[in-house]
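S.K.: This is the structure, below, for whatever I ask next.
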Amino acid sequence: MQNKHRFLFSFLLILVIFTLLYGGGSYYFTEHFFPNTYINDIDVSFLSEEKAREKLSTDGRPESIELIKNDGSSESLELSDLDHRREYESPAYLIEAQDNFKWPLYILEDKKVNLAYENIIDESKLRKLISDLDFIKAEQEAPQDAYILRNEESREYYIVDEIYGNTVLEEEFFNVLKKYITEYKTSLSLEDEGLYMYPEIRADNEYLIAKTALLNKLNSINAELDLSAELKIRIDTDELFSFYKDPVNGDYSLNEENISAYLDSISLRYDTVSESGYRLFNSAAGRTVNIKTKYGWKLDKLKTAELLRGSLNEIAVKLGEDLSEPYSFIINAVWESAAHSHKPRDIGDTYAEVDITNQTVYMIKDKQLVFTSPCVTGLLTAGRRTPDGIYSITYKQPGKVLTGRNPDGTISYQSPVSFWMPFNRGIGFHDATWRNKFGGEIYKRNGSHGCINMPYNKAKELYQLVYTSMPVVCYF
C-alpha cells in the first residue's frame, strides 16, 4: 500500500512538473522563437524578436578583410569603425505564426526560414578607409603597352614587353569592396577581380608581331633623300612605314597625309628663303644690314612628292619579294630655288660682298677676309642703280666688250674690259680702266650703269678668286 502511494505521488509530481514546463514553454514561445529555428542560416533559437534582430544584424560580420595585391603581398582593412549591418524585415510575424502549443515537437526538428534584408553601409566612411590604405596612398605605377623599339647598334626592331604596373581602378575597387563587405567575405584579390588598370597591347599582339617583322624587312632598304651634293638624309624606316596606309595588312596604298607631313618637315628644316623677302646679314665690316632678297633654299614639295611616290611604289613591289640582298634608292629633291650651301649660313663660307654705301668689295674665303677693293657701283637712278640682294657668279670671262643700248635698241656705249664676272644678269664685276678714282661718293654723281667698276689690278686679283656659282652679297 505504501508503494502504491509513492508511485501515485511520483506520477502526480511528474505530471505537475510537465504541466508547468509545457505551460511555461507554451507561454514563453508566444514571444520567443522555437528551439532549432534558423533565419538565413543564423540560429535564433529561444530569442525574442528584438534579440533576434540584433543578432541577425551583425552575426558573422568579419572584423577585417584582407586585400591581396598583384605582387602577392596584402594589406588588412579594419572594419570596426565602419558602420555596416544587415537590416532585416521584422521577424515578429514568424513568432506569431508559431503554434506555441507544439513547441516540444521542434526540440529535435530544425526550422529554417529566409528573410529579406537590406545592406546598410556608410559609403563616406568606406571611401575614407580606402583612401587611407597604404597601397592607395603610395605612388602607383601606370601600365604601359608593349611597343616596338629599335636596337641602334644592330638596327633590328624588337618588341618590348608590356608593364602591368599597380594602378588601381579606384571606383571599381570601391564597388567590389563594398559588395565583399556586405557579403561578409574575409579576403579580396584585386587581380582576380580585375581591379587594376591593364595595358591594352601585350607582346603577343598579332598586329605588333607582324609590324615588327615588316619593319625589319623595311630596315634592309636604304632610302635616301638627296638634297644637294653636300647633303643626303636617310629616310628612316619608321617614316617609310608611315608612307603606306596599312602595310601590315597588305594595304600598300600611299598615305598622302604622311607623305605631305614628311616633306613639310624637310621644308621647315632646310628651307632658308625668307618669307618676308628680307634677311639680316653680318657684313665683313661688322655691320648688320637688312637685305631685300629671295635667295635661299625652297623645296618644291609637289615635284619632290611625285618622285617619292614613284620610289614608294617600287618599294611596295620589293616588299613582296624575298629581300635577301639590301636594296637602295635615292630621291633627288627638287628645289624651287637653291642656295650655295646647306651649312647654317646658306651662302657658305666663301663669297663676295659689295658694300654699296661704303663703295667697297670684299672677298671672304673659308670665313677669312682675303680681298678688299674700292669700287664704283651704279648711279642712284632708275635703271642704273645696283640692286641689293644675294646672287651667284654666272660665269667669268677674260676679255669682253660690254654693250649698252638705248630704249630703241641702238647702242649707247661699248666698253672693253679684261675681266668680266657677271652675277645679276647684265650686272657684274669688271675692271674700269677709264676711271682713275674709285670709292667715296663717286657713284652718286658718276656711277656706273649698275656694274661694279674696279681698278684693273684689283679686278684681276678678284678674277683669280671667284668661281661660277659663288655667292655675291650686295647691300647698302
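Letters for chains follow the order of the C-alpha cells (A, B, ...), residue numbers begin at 1 for each chain, and ligand numbers begin at 1 in the order shown.
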Mind dumping a table of every segment 409-458 of chain A residue within 6 Å of segment 365-377 of chain A, with the nearest atom pair and its distance in Å to one decimal, using only C-alpha atoms, sorted by chain and rising number, as a Markdown table?
M.R.:
| residue | atom | partner | partner_atom | distance |
| --- | --- | --- | --- | --- |
| A:Phe438 | CA | A:Cys375 | CA | 5.0 |
| A:Gly439 | CA | A:Pro374 | CA | 4.8 |
| A:Tyr443 | CA | A:Val376 | CA | 5.5 |
| A:Gly447 | CA | A:Thr377 | CA | 5.8 |
| A:Ser448 | CA | A:Thr377 | CA | 5.6 |
| A:Gly450 | CA | A:Thr377 | CA | 6.0 |
| A:Cys451 | CA | A:Thr377 | CA | 5.9 |
| A:Ile452 | CA | A:Thr377 | CA | 4.9 |
| A:Asn453 | CA | A:Val376 | CA | 5.0 |
| A:Met454 | CA | A:Cys375 | CA | 4.9 |
S.K.: Residues as selected, N, CA, C and O atoms, written as a compact mmCIF listing (two decimals), in the first residue's frame, can you do that?
M.R.:
# COMPACT_ATOMS: atom_id res chain seq x y z
N PHE A 438 88.26 105.55 -107.44
CA PHE A 438 87.22 104.61 -107.03
C PHE A 438 86.88 104.86 -105.56
O PHE A 438 87.70 105.41 -104.81
N GLY A 439 85.69 104.45 -105.15
CA GLY A 439 85.27 104.61 -103.76
C GLY A 439 84.65 105.96 -103.52
O GLY A 439 84.33 106.72 -104.44
N TYR A 443 79.82 107.29 -106.99
CA TYR A 443 78.64 106.62 -107.56
C TYR A 443 77.40 107.51 -107.54
O TYR A 443 76.46 107.32 -108.31
N GLY A 447 78.07 107.42 -111.31
CA GLY A 447 78.04 105.98 -111.10
C GLY A 447 77.97 105.20 -112.40
O GLY A 447 77.77 105.77 -113.48
N SER A 448 78.13 103.90 -112.27
CA SER A 448 78.10 103.01 -113.45
C SER A 448 76.65 102.78 -113.88
O SER A 448 75.71 103.35 -113.32
N GLY A 450 75.23 100.09 -113.35
CA GLY A 450 74.80 99.03 -112.44
C GLY A 450 75.91 98.08 -112.07
O GLY A 450 75.87 97.41 -111.03
N CYS A 451 76.95 98.00 -112.96
CA CYS A 451 78.06 97.07 -112.69
C CYS A 451 78.96 97.59 -111.58
O CYS A 451 78.87 98.74 -111.14
N ILE A 452 79.82 96.69 -111.11
CA ILE A 452 80.78 97.02 -110.05
C ILE A 452 82.11 97.33 -110.73
O ILE A 452 82.85 96.43 -111.14
N ASN A 453 82.40 98.62 -110.91
CA ASN A 453 83.66 99.07 -111.52
C ASN A 453 84.78 98.94 -110.51
O ASN A 453 84.64 99.36 -109.34
N MET A 454 85.94 98.37 -110.97
CA MET A 454 87.07 98.17 -110.06
C MET A 454 88.37 98.54 -110.75
O MET A 454 88.46 98.50 -111.99
S.K.: Would you compute the distance between atom CA of Tyr180 of chain A and atom CA of Pro91 of chain A? Give it in Å to one decimal.
M.R.: 25.4 Å
S.K.: Write out as an MDAnalysis selection string each polymer residue whose atoms come within 8 Å of Phe281 of chain A, counting only C-alpha atoms; drop sequence neighbours fewer than 6 positions from it.
M.R.: chainID A and resid 288:291
S.K.: Applying 12 Å and only C-alpha atoms, which residues near Asn249 of chain A remain after dropping the ones on its own chain fewer than 4 positions away? List them as a tab-separated table (two decimals) with N, CA, C and O atoms, in the first residue's frame.
M.R.:
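Ended up saving to part-v3.tsv:
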chain	number	residue	atom	x	y	z
A	206	GLU	N	49.10	40.10	-82.22
A	206	GLU	CA	49.42	39.63	-83.57
A	206	GLU	C	49.84	40.78	-84.47
A	206	GLU	O	50.77	40.65	-85.28
A	207	TYR	N	49.15	41.90	-84.36
A	207	TYR	CA	49.49	43.05	-85.22
A	207	TYR	C	50.89	43.56	-84.90
A	207	TYR	O	51.68	43.88	-85.79
A	208	LEU	N	51.21	43.61	-83.60
A	208	LEU	CA	52.52	44.10	-83.18
A	208	LEU	C	53.63	43.18	-83.70
A	208	LEU	O	54.67	43.65	-84.16
A	210	ALA	N	53.47	41.21	-86.38
A	210	ALA	CA	53.56	41.36	-87.83
A	210	ALA	C	54.23	42.67	-88.21
A	210	ALA	O	55.02	42.73	-89.16
A	211	LYS	N	53.94	43.72	-87.45
A	211	LYS	CA	54.55	45.02	-87.74
A	211	LYS	C	56.06	44.98	-87.51
A	211	LYS	O	56.84	45.56	-88.29
A	214	LEU	N	57.67	43.33	-90.43
A	214	LEU	CA	57.67	44.20	-91.61
A	214	LEU	C	58.70	45.32	-91.47
A	214	LEU	O	59.40	45.66	-92.44
A	244	TYR	N	52.73	54.30	-96.06
A	244	TYR	CA	51.69	53.41	-96.56
A	244	TYR	C	50.52	53.39	-95.59
A	244	TYR	O	50.68	53.61	-94.39
A	245	LYS	N	49.33	53.10	-96.11
A	245	LYS	CA	48.13	53.17	-95.27
A	245	LYS	C	48.07	52.08	-94.21
A	245	LYS	O	47.89	52.33	-93.03
A	253	SER	N	48.68	51.10	-100.40
A	253	SER	CA	48.31	52.39	-101.00
A	253	SER	C	48.95	53.49	-100.17
A	253	SER	O	49.19	53.34	-98.97
